[in-house]
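Okay, input.txt now, which holds compact mmCIF, C-alpha atoms (C1' of nucleotides):
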```txt
# COMPACT_ATOMS: atom_id res chain seq x y z
CA MET C 1 61.57 222.71 111.87
CA THR C 2 62.97 221.18 114.98
CA GLN C 3 66.45 219.76 115.31
CA LEU C 4 65.06 216.26 114.94
CA THR C 5 62.95 216.97 111.86
CA ARG C 6 65.95 218.69 110.27
CA THR C 7 68.02 215.60 110.93
CA PHE C 8 65.35 213.39 109.38
CA ALA C 9 65.10 215.76 106.42
CA ALA C 10 68.85 215.60 105.94
CA LEU C 11 68.71 211.80 105.78
CA SER C 12 65.57 211.65 103.62
CA ASP C 13 67.53 211.95 100.37
CA PRO C 14 69.18 208.78 98.99
CA THR C 15 72.28 210.68 97.89
CA ARG C 16 72.73 212.22 101.32
CA LEU C 17 72.11 208.97 103.17
CA SER C 18 74.70 207.37 100.92
CA LEU C 19 77.20 210.14 101.72
CA VAL C 20 76.61 209.56 105.41
CA GLU C 21 77.08 205.80 105.10
CA THR C 22 80.29 206.33 103.16
CA LEU C 23 81.60 208.75 105.76
CA ILE C 24 80.70 206.40 108.59
CA ALA C 25 82.66 203.66 106.85
CA SER C 26 85.64 205.83 105.91
CA GLY C 27 85.79 208.16 108.86
CA GLU C 28 86.80 211.35 107.09
CA LEU C 29 86.93 212.25 103.40
CA PRO C 30 87.47 215.41 101.33
CA ALA C 31 84.54 216.69 99.27
CA GLY C 32 86.31 215.65 96.09
CA ALA C 33 86.47 212.00 97.10
CA LEU C 34 82.77 212.03 97.88
CA ALA C 35 81.97 213.74 94.58
CA ALA C 36 84.16 211.24 92.70
CA GLN C 37 82.12 208.24 93.81
CA ALA C 38 78.80 209.98 93.13
CA THR C 39 76.86 209.90 89.87
CA ILE C 40 75.83 213.55 90.09
CA SER C 41 77.94 216.68 89.68
CA ALA C 42 80.37 218.05 92.25
CA PRO C 43 78.29 221.21 92.85
CA ALA C 44 75.29 219.01 93.61
CA ILE C 45 77.34 217.03 96.12
CA SER C 46 78.63 220.25 97.63
CA ARG C 47 75.07 221.38 98.28
CA HIS C 48 74.06 218.05 99.75
CA LEU C 49 77.02 218.34 102.10
CA LYS C 50 75.85 221.81 103.05
CA VAL C 51 72.41 220.45 103.94
CA LEU C 52 74.01 217.73 106.06
CA ARG C 53 76.28 220.29 107.73
CA GLU C 54 73.43 222.70 108.52
CA ALA C 55 71.44 219.82 110.02
CA GLY C 56 74.41 218.95 112.21
CA VAL C 57 74.83 215.54 110.63
CA VAL C 58 78.35 216.14 109.33
CA ARG C 59 81.27 218.33 110.32
CA GLN C 60 83.76 220.07 108.09
CA ARG C 61 87.49 220.37 108.69
CA ILE C 62 89.37 222.77 106.43
CA GLU C 63 92.97 222.06 105.45
CA GLY C 64 94.35 224.09 102.61
CA THR C 65 92.01 223.80 99.65
CA HIS C 66 90.55 220.59 101.00
CA ARG C 67 87.37 220.33 103.05
CA PHE C 68 87.31 217.12 105.00
CA TYR C 69 83.92 215.83 106.01
CA SER C 70 82.99 213.42 108.76
CA VAL C 71 79.77 212.31 110.43
CA ASP C 72 78.89 213.93 113.73
CA ALA C 73 78.29 210.99 116.07
CA GLY C 74 75.84 213.09 118.05
CA ALA C 75 73.42 213.17 115.13
CA LEU C 76 73.07 209.40 115.10
CA ALA C 77 72.88 209.40 118.88
CA ARG C 78 70.00 211.89 118.77
CA ILE C 79 68.03 209.70 116.41
CA ASN C 80 68.74 206.71 118.59
CA SER C 81 67.56 208.66 121.62
CA TRP C 82 64.27 209.43 119.93
CA THR C 83 63.57 205.80 119.08
CA MET C 84 64.65 204.74 122.55
CA ASP C 85 62.33 207.35 124.09
CA HIS C 86 59.50 205.40 122.51
CA ARG C 87 60.96 201.96 123.01
CA SER C 88 58.11 200.88 125.28
CA PHE C 89 55.83 201.43 122.30
CA TRP C 90 57.66 199.52 119.57
CA GLY C 91 59.92 197.32 121.67
CA LYS C 92 57.09 195.12 122.84
CA SER C 93 55.86 194.30 119.33
CA LEU C 94 59.40 193.68 118.19
CA ASP C 95 60.16 191.27 121.00
CA ARG C 96 56.84 189.59 120.30
CA LEU C 97 57.62 189.37 116.59
CA ASP C 98 61.04 187.91 117.34
CA GLY C 99 59.37 185.36 119.56
CA MET C 100 56.83 184.45 116.90
CA LEU C 101 59.51 183.98 114.28
CA ALA C 102 61.76 181.98 116.54
CA LEU C 103 59.32 179.84 118.46
CA ASP C 104 55.94 179.75 116.79
CA PRO C 105 55.66 179.69 112.99
CA GLU C 106 51.86 179.49 113.29
CA GLY C 107 51.66 182.72 115.21
CA GLU C 108 49.99 183.23 118.52
CA ASP C 109 47.25 185.70 117.67
CA GLN C 110 43.64 184.89 118.32
CA MET Q 1 64.02 206.22 97.50
CA THR Q 2 64.69 203.34 99.80
CA GLN Q 3 62.37 202.23 102.58
CA LEU Q 4 64.59 203.97 105.09
CA THR Q 5 64.81 207.29 103.25
CA ARG Q 6 61.03 207.21 102.80
CA THR Q 7 60.63 206.74 106.53
CA PHE Q 8 62.98 209.64 107.22
CA ALA Q 9 61.11 211.76 104.66
CA ALA Q 10 57.81 210.95 106.35
CA LEU Q 11 59.19 212.16 109.68
CA SER Q 12 60.97 215.20 108.26
CA ASP Q 13 57.87 217.39 108.49
CA PRO Q 14 57.02 218.91 111.92
CA THR Q 15 53.30 218.36 111.43
CA ARG Q 16 53.82 214.70 110.60
CA LEU Q 17 56.27 214.11 113.44
CA SER Q 18 53.72 215.67 115.76
CA LEU Q 19 50.99 213.37 114.44
CA VAL Q 20 53.24 210.39 115.06
CA GLU Q 21 54.05 211.50 118.61
CA THR Q 22 50.36 212.02 119.32
CA LEU Q 23 49.51 208.58 117.98
CA ILE Q 24 52.28 206.96 119.97
CA ALA Q 25 50.89 208.58 123.10
CA SER Q 26 47.24 207.83 122.35
CA GLY Q 27 47.52 204.50 120.60
CA GLU Q 28 44.80 204.93 118.02
CA LEU Q 29 42.81 207.97 116.91
CA PRO Q 30 40.38 208.84 114.11
CA ALA Q 31 41.50 211.36 111.49
CA GLY Q 32 39.05 213.90 112.88
CA ALA Q 33 40.64 213.89 116.31
CA LEU Q 34 44.06 214.43 114.75
CA ALA Q 35 42.74 217.24 112.56
CA ALA Q 36 41.01 218.85 115.54
CA GLN Q 37 44.25 219.32 117.47
CA ALA Q 38 46.13 220.61 114.42
CA THR Q 39 46.42 224.22 113.34
CA ILE Q 40 46.09 223.44 109.64
CA SER Q 41 43.03 222.27 107.72
CA ALA Q 42 41.57 218.78 107.77
CA PRO Q 43 42.42 218.09 104.12
CA ALA Q 44 46.04 219.00 104.85
CA ILE Q 45 46.10 216.56 107.77
CA SER Q 46 44.48 213.92 105.60
CA ARG Q 47 47.30 214.23 103.09
CA HIS Q 48 49.97 214.14 105.78
CA LEU Q 49 48.39 210.93 107.04
CA LYS Q 50 48.53 209.57 103.52
CA VAL Q 51 52.26 210.30 103.33
CA LEU Q 52 52.78 208.54 106.66
CA ARG Q 53 50.68 205.60 105.52
CA GLU Q 54 52.53 205.22 102.21
CA ALA Q 55 55.83 205.29 104.06
CA GLY Q 56 54.59 202.54 106.36
CA VAL Q 57 54.79 204.73 109.43
CA VAL Q 58 51.10 204.54 110.31
CA ARG Q 59 48.30 202.07 109.70
CA GLN Q 60 44.66 202.78 109.00
CA ARG Q 61 41.69 200.87 110.39
CA ILE Q 62 38.30 201.61 108.87
CA GLU Q 63 35.18 201.48 110.97
CA GLY Q 64 32.07 203.02 109.46
CA THR Q 65 32.88 206.56 108.39
CA HIS Q 66 35.81 206.71 110.76
CA ARG Q 67 39.41 206.01 109.84
CA PHE Q 68 41.44 205.13 112.88
CA TYR Q 69 45.16 205.71 112.67
CA SER Q 70 47.95 204.18 114.69
CA VAL Q 71 51.73 204.07 114.46
CA ASP Q 72 53.28 200.97 112.93
CA ALA Q 73 55.81 199.81 115.51
CA GLY Q 74 57.96 198.36 112.77
CA ALA Q 75 58.72 201.82 111.40
CA LEU Q 76 60.32 202.93 114.65
CA ALA Q 77 62.07 199.58 114.91
CA ARG Q 78 63.58 200.06 111.45
CA ILE Q 79 65.01 203.43 112.37
CA ASN Q 80 66.35 201.98 115.57
CA SER Q 81 67.95 199.15 113.61
CA TRP Q 82 69.73 201.62 111.38
CA THR Q 83 71.22 203.55 114.29
CA MET Q 84 72.13 200.30 116.02
CA ASP Q 85 73.82 199.06 112.84
CA HIS Q 86 76.21 201.97 113.25
CA ARG Q 87 76.39 201.88 117.01
CA SER Q 88 80.11 201.11 117.00
CA PHE Q 89 80.58 204.45 115.27
CA TRP Q 90 78.57 206.75 117.51
CA GLY Q 91 78.34 204.60 120.62
CA LYS Q 92 81.97 205.09 121.47
CA SER Q 93 81.76 208.89 121.47
CA LEU Q 94 78.54 208.72 123.38
CA ASP Q 95 79.94 206.45 126.06
CA ARG Q 96 82.97 208.68 126.23
CA LEU Q 97 80.78 211.75 126.57
CA ASP Q 98 78.76 210.06 129.28
CA GLY Q 99 82.00 209.24 131.05
CA MET Q 100 83.26 212.78 130.78
CA LEU Q 101 80.06 214.21 132.16
CA ALA Q 102 79.84 211.70 134.98
CA LEU Q 103 83.45 211.42 136.06
CA ASP Q 104 85.50 214.30 134.78
CA PRO Q 105 83.99 217.80 134.58
CA GLU Q 106 87.32 219.13 133.25
CA GLY Q 107 87.31 216.80 130.28
CA GLU Q 108 90.07 214.49 129.27
CA ASP Q 109 91.10 215.86 125.89
CA GLN Q 110 94.56 217.23 125.39
C1' DG N 1 15.06 208.89 100.87
C1' DC N 2 17.47 212.98 102.90
C1' DG N 3 20.20 215.81 105.49
C1' DT N 4 24.32 215.29 108.56
C1' DT N 5 28.80 213.80 109.69
C1' DA N 6 33.56 212.03 108.59
C1' DA N 7 37.05 211.98 105.55
C1' DT N 8 39.23 212.21 101.26
C1' DT N 9 40.15 213.90 96.58
C1' DA N 10 40.31 217.84 93.14
C1' DA N 11 41.95 222.11 91.66
C1' DC N 12 44.85 225.76 92.35
C1' DA N 13 48.79 228.84 94.01
C1' DT N 14 53.16 229.18 96.24
C1' DT N 15 57.35 227.46 98.03
C1' DT N 16 61.01 224.33 98.41
C1' DG N 17 64.23 220.94 96.67
C1' DC N 18 67.44 219.21 93.35
C1' DG N 19 69.84 218.94 89.11
C1' DT N 20 72.70 221.31 85.46
C1' DT N 21 76.47 224.48 83.64
C1' DA N 22 79.01 228.75 84.32
C1' DA N 23 81.41 231.70 87.33
C1' DT N 24 84.00 232.66 91.49
C1' DA N 25 87.35 232.01 95.47
C1' DA N 26 91.32 230.44 97.47
C1' DA N 27 95.34 227.68 98.11
C1' DA N 28 99.41 225.10 95.74
C1' DG N 29 103.06 224.61 92.76
C1' DA N 30 106.01 225.48 88.66
C1' DT O 1 102.97 235.52 88.99
C1' DC O 2 100.38 232.45 86.32
C1' DT O 3 98.19 228.13 85.97
C1' DT O 4 96.14 224.26 88.12
C1' DT O 5 93.51 222.13 91.62
C1' DT O 6 89.75 221.99 95.04
C1' DA O 7 85.54 223.47 96.27
C1' DT O 8 81.75 226.48 96.55
C1' DT O 9 78.30 229.86 95.00
C1' DA O 10 75.31 231.86 91.17
C1' DA O 11 71.80 231.48 87.85
C1' DC O 12 68.48 228.87 85.84
C1' DG O 13 64.75 225.25 84.97
C1' DC O 14 61.73 221.86 86.49
C1' DA O 15 59.54 218.57 89.59
C1' DA O 16 57.70 217.74 94.12
C1' DA O 17 55.74 219.29 98.51
C1' DT O 18 52.38 221.95 101.12
C1' DG O 19 48.72 224.90 102.06
C1' DT O 20 43.90 226.64 100.88
C1' DT O 21 38.84 226.16 99.52
C1' DA O 22 35.46 223.56 96.88
C1' DA O 23 33.68 219.24 95.52
C1' DT O 24 33.04 214.33 96.20
C1' DT O 25 32.34 209.89 98.56
C1' DA O 26 30.42 207.01 101.97
C1' DA O 27 28.12 205.78 106.15
C1' DC O 28 24.53 207.29 109.91
C1' DG O 29 20.25 208.50 111.78
C1' DC O 30 15.76 210.42 111.29
```

Turn the structure described in the file into C-alpha cells.
Amino acid sequence: MTQLTRTFAALSDPTRLSLVETLIASGELPAGALAAQATISAPAISRHLKVLREAGVVRQRIEGTHRFYSVDAGALARINSWTMDHRSFWGKSLDRLDGMLALDPEGEDQ
Amino acid sequence: MTQLTRTFAALSDPTRLSLVETLIASGELPAGALAAQATISAPAISRHLKVLREAGVVRQRIEGTHRFYSVDAGALARINSWTMDHRSFWGKSLDRLDGMLALDPEGEDQ
DNA sequence: GCGTTAATTAACATTTGCGTTAATAAAAGA
DNA sequence: TCTTTTATTAACGCAAATGTTAATTAACGC
C-alpha cells in the first residue's frame, strides 16, 4: 500500500467521504459532532476517523476530553498532484469534450 | 457507494493503480500484456480489470480473442473535479507552503 | 474439425473491512 | 471523590475482497 492508494482507500467509503466533506465545510469538529450527524454508532465513526487519520487525510487535536478533527490539506493536494501528473492524458479529452458540448452538438468524430 | 467512492475504491488497490498507470503510459494494451508484467496470476488480473471497468476507470475493446484495455479519461477528470471543487480549502495552504519554500526558508509561523 | 491461444468464470480458502454492543480510559464538574 | 461526559478500544459476527488452481468460452490456424 502506497501513500496514494491508502488515501484512495480512505476515501472509498461513503461514510468517510462524507466525514471529510463535512470537515472541509466546517473546518474543525469534535468526534461527537461528527458522530451526532451520522446514522451509524459513535464507535463506528471513531474507527472511520482512525482510518482517515492513519491515511493522513485528517488530523486530530486533543483538548480535554474532546478530539477535534480537521482535514489535512496536503491529502487533497496529493490527489490533485496525481491527477495533474497525468493531465496531458485526460486533459485533452476533457477540453475536446467541453468544445463538443459548447460548439458542436453533432460531435466532430468521424 | 457513489460514483466517486467507487472510483476511489477502484484505485485503492496497488495492483489496480499500477494497471492504470501502465495503461496511461501505454495507451491501450490487451489483458495478456497486463497479466504478463504482473506478479499475480492472470485470473487475478482479469478480476482487477473487471473492478476497474465496473467503476468506469477503464474501457474494454474486443478484437478477436483479445480484449484491449485503456483508461477512461473521464475517470481521472472526475477525481480532478472533486479536488478542484475544494481547491479553496487546500489551495491556500499549498500556495502558502510554496511561498514558504520559495521565499522564506525560516518559515513565517509564529 | 481439432488443437492452440487468449481471457474469463467457477470454486475454494483466507484476509480484511465494517457494523453492533459492552467495556475501558480520561477529563470535568458537583 | 463520585458521577457524568467524551471518546476509544475490545469482542464478536458477517459480508466483501483477494489470491490460487481448475474449468469454461471463444476465436485462430492448420

Report task. Would you kindly report the residues of chain C within 8 Å of chain O, using all atoms listed in the file, as a ChimeraX atom specification? Result -> /C:31-32,43,46,65-67

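CA of Glu28 in chain C is positioned 5.4 Å from CA of Tyr69 in chain C.
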
Quick one: which residues from chain N are at most 10 Å off chain Q, using all atoms listed in the file, as a PDB file with C-alpha atoms (C1' of nucleotides), in the frame of the given file?
```
ATOM      1  C1'  DT N   5      28.800 213.800 109.690  1.00  0.00           C
ATOM      2  C1'  DA N   6      33.560 212.030 108.590  1.00  0.00           C
ATOM      3  C1'  DA N   7      37.050 211.980 105.550  1.00  0.00           C
ATOM      4  C1'  DT N   8      39.230 212.210 101.260  1.00  0.00           C
ATOM      5  C1'  DT N   9      40.150 213.900  96.580  1.00  0.00           C
TER       6       DT N   9
END
```

Residues of chain C that approach chain Q to 10 Å or less, counting all atoms listed in the file: could you list each one with the shortest pair of atoms and its distance in Å to one decimal, rows by chain and increasing residue number, as CSV?
```
residue,atom,partner,partner_atom,distance
C:Met1,CA,Q:Pro14,CA,5.9
C:Thr2,CA,Q:Pro14,CA,7.1
C:Leu4,CA,Q:Ser12,CA,7.9
C:Thr5,CA,Q:Ser12,CA,4.5
C:Arg6,CA,Q:Ser12,CA,6.4
C:Thr7,CA,Q:Ser12,CA,7.5
C:Phe8,CA,Q:Ser12,CA,4.9
C:Ala9,CA,Q:Ser12,CA,4.6
C:Ala10,CA,Q:Ser12,CA,8.2
C:Leu11,CA,Q:Phe8,CA,6.3
C:Ser12,CA,Q:Thr5,CA,4.4
C:Asp13,CA,Q:Thr5,CA,6.1
C:Pro14,CA,Q:Met1,CA,5.9
C:Thr15,CA,Q:Met1,CA,9.4
C:Arg16,CA,Q:Thr5,CA,9.5
C:Leu17,CA,Q:Thr5,CA,7.5
C:Glu21,CA,Q:His86,CA,9.0
C:Ile24,CA,Q:Phe89,CA,7.0
C:Ala25,CA,Q:Phe89,CA,8.7
C:Gly27,CA,Q:Phe89,CA,9.1
C:Val71,CA,Q:Trp90,CA,9.1
C:Asp72,CA,Q:Trp90,CA,8.1
C:Ala73,CA,Q:Trp90,CA,4.5
C:Gly74,CA,Q:Trp90,CA,6.9
C:Ala75,CA,Q:Trp90,CA,8.6
C:Leu76,CA,Q:Thr83,CA,6.2
C:Ala77,CA,Q:Trp90,CA,6.4
C:Arg78,CA,Q:Thr83,CA,9.5
C:Ile79,CA,Q:Thr83,CA,7.2
C:Asn80,CA,Q:Thr83,CA,5.9
C:Ser81,CA,Q:Asn80,CA,9.1
C:Trp82,CA,Q:Asn80,CA,8.9
C:Thr83,CA,Q:Asn80,CA,5.9
C:Met84,CA,Q:Asn80,CA,7.7
C:His86,CA,Q:Ile24,CA,7.8
C:Arg87,CA,Q:Leu76,CA,8.4
C:Ser88,CA,Q:Ile24,CA,10.0
C:Phe89,CA,Q:Ile24,CA,7.0
C:Trp90,CA,Q:Ala73,CA,4.5
C:Gly91,CA,Q:Ala77,CA,7.4
C:Lys92,CA,Q:Ala73,CA,8.8
C:Ser93,CA,Q:Ala73,CA,6.7
C:Leu94,CA,Q:Ala77,CA,7.3
C:Leu97,CA,Q:Gly74,CA,9.8
```

Report task. Have a look at C1' of DA30 in chain N and CA of Phe68 in chain C and let me know their distance in Å, one decimal. Result -> 26.2 Å

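If you look at C1' of DA28 in chain N and CA of Ala44 in chain C, they are 25.0 Å away from each other.
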
Around all the atoms of range 14-26 of chain O listed in the file, with 6 Å of room on each side, what axis-aligned box do you get, giving centre and edge lengths in Å to one decimal, as lines of an AutoDock Vina configuration file?
```
center_x = 46.1
center_y = 216.8
center_z = 94.3
size_x = 43.3
size_y = 31.6
size_z = 27.6
```
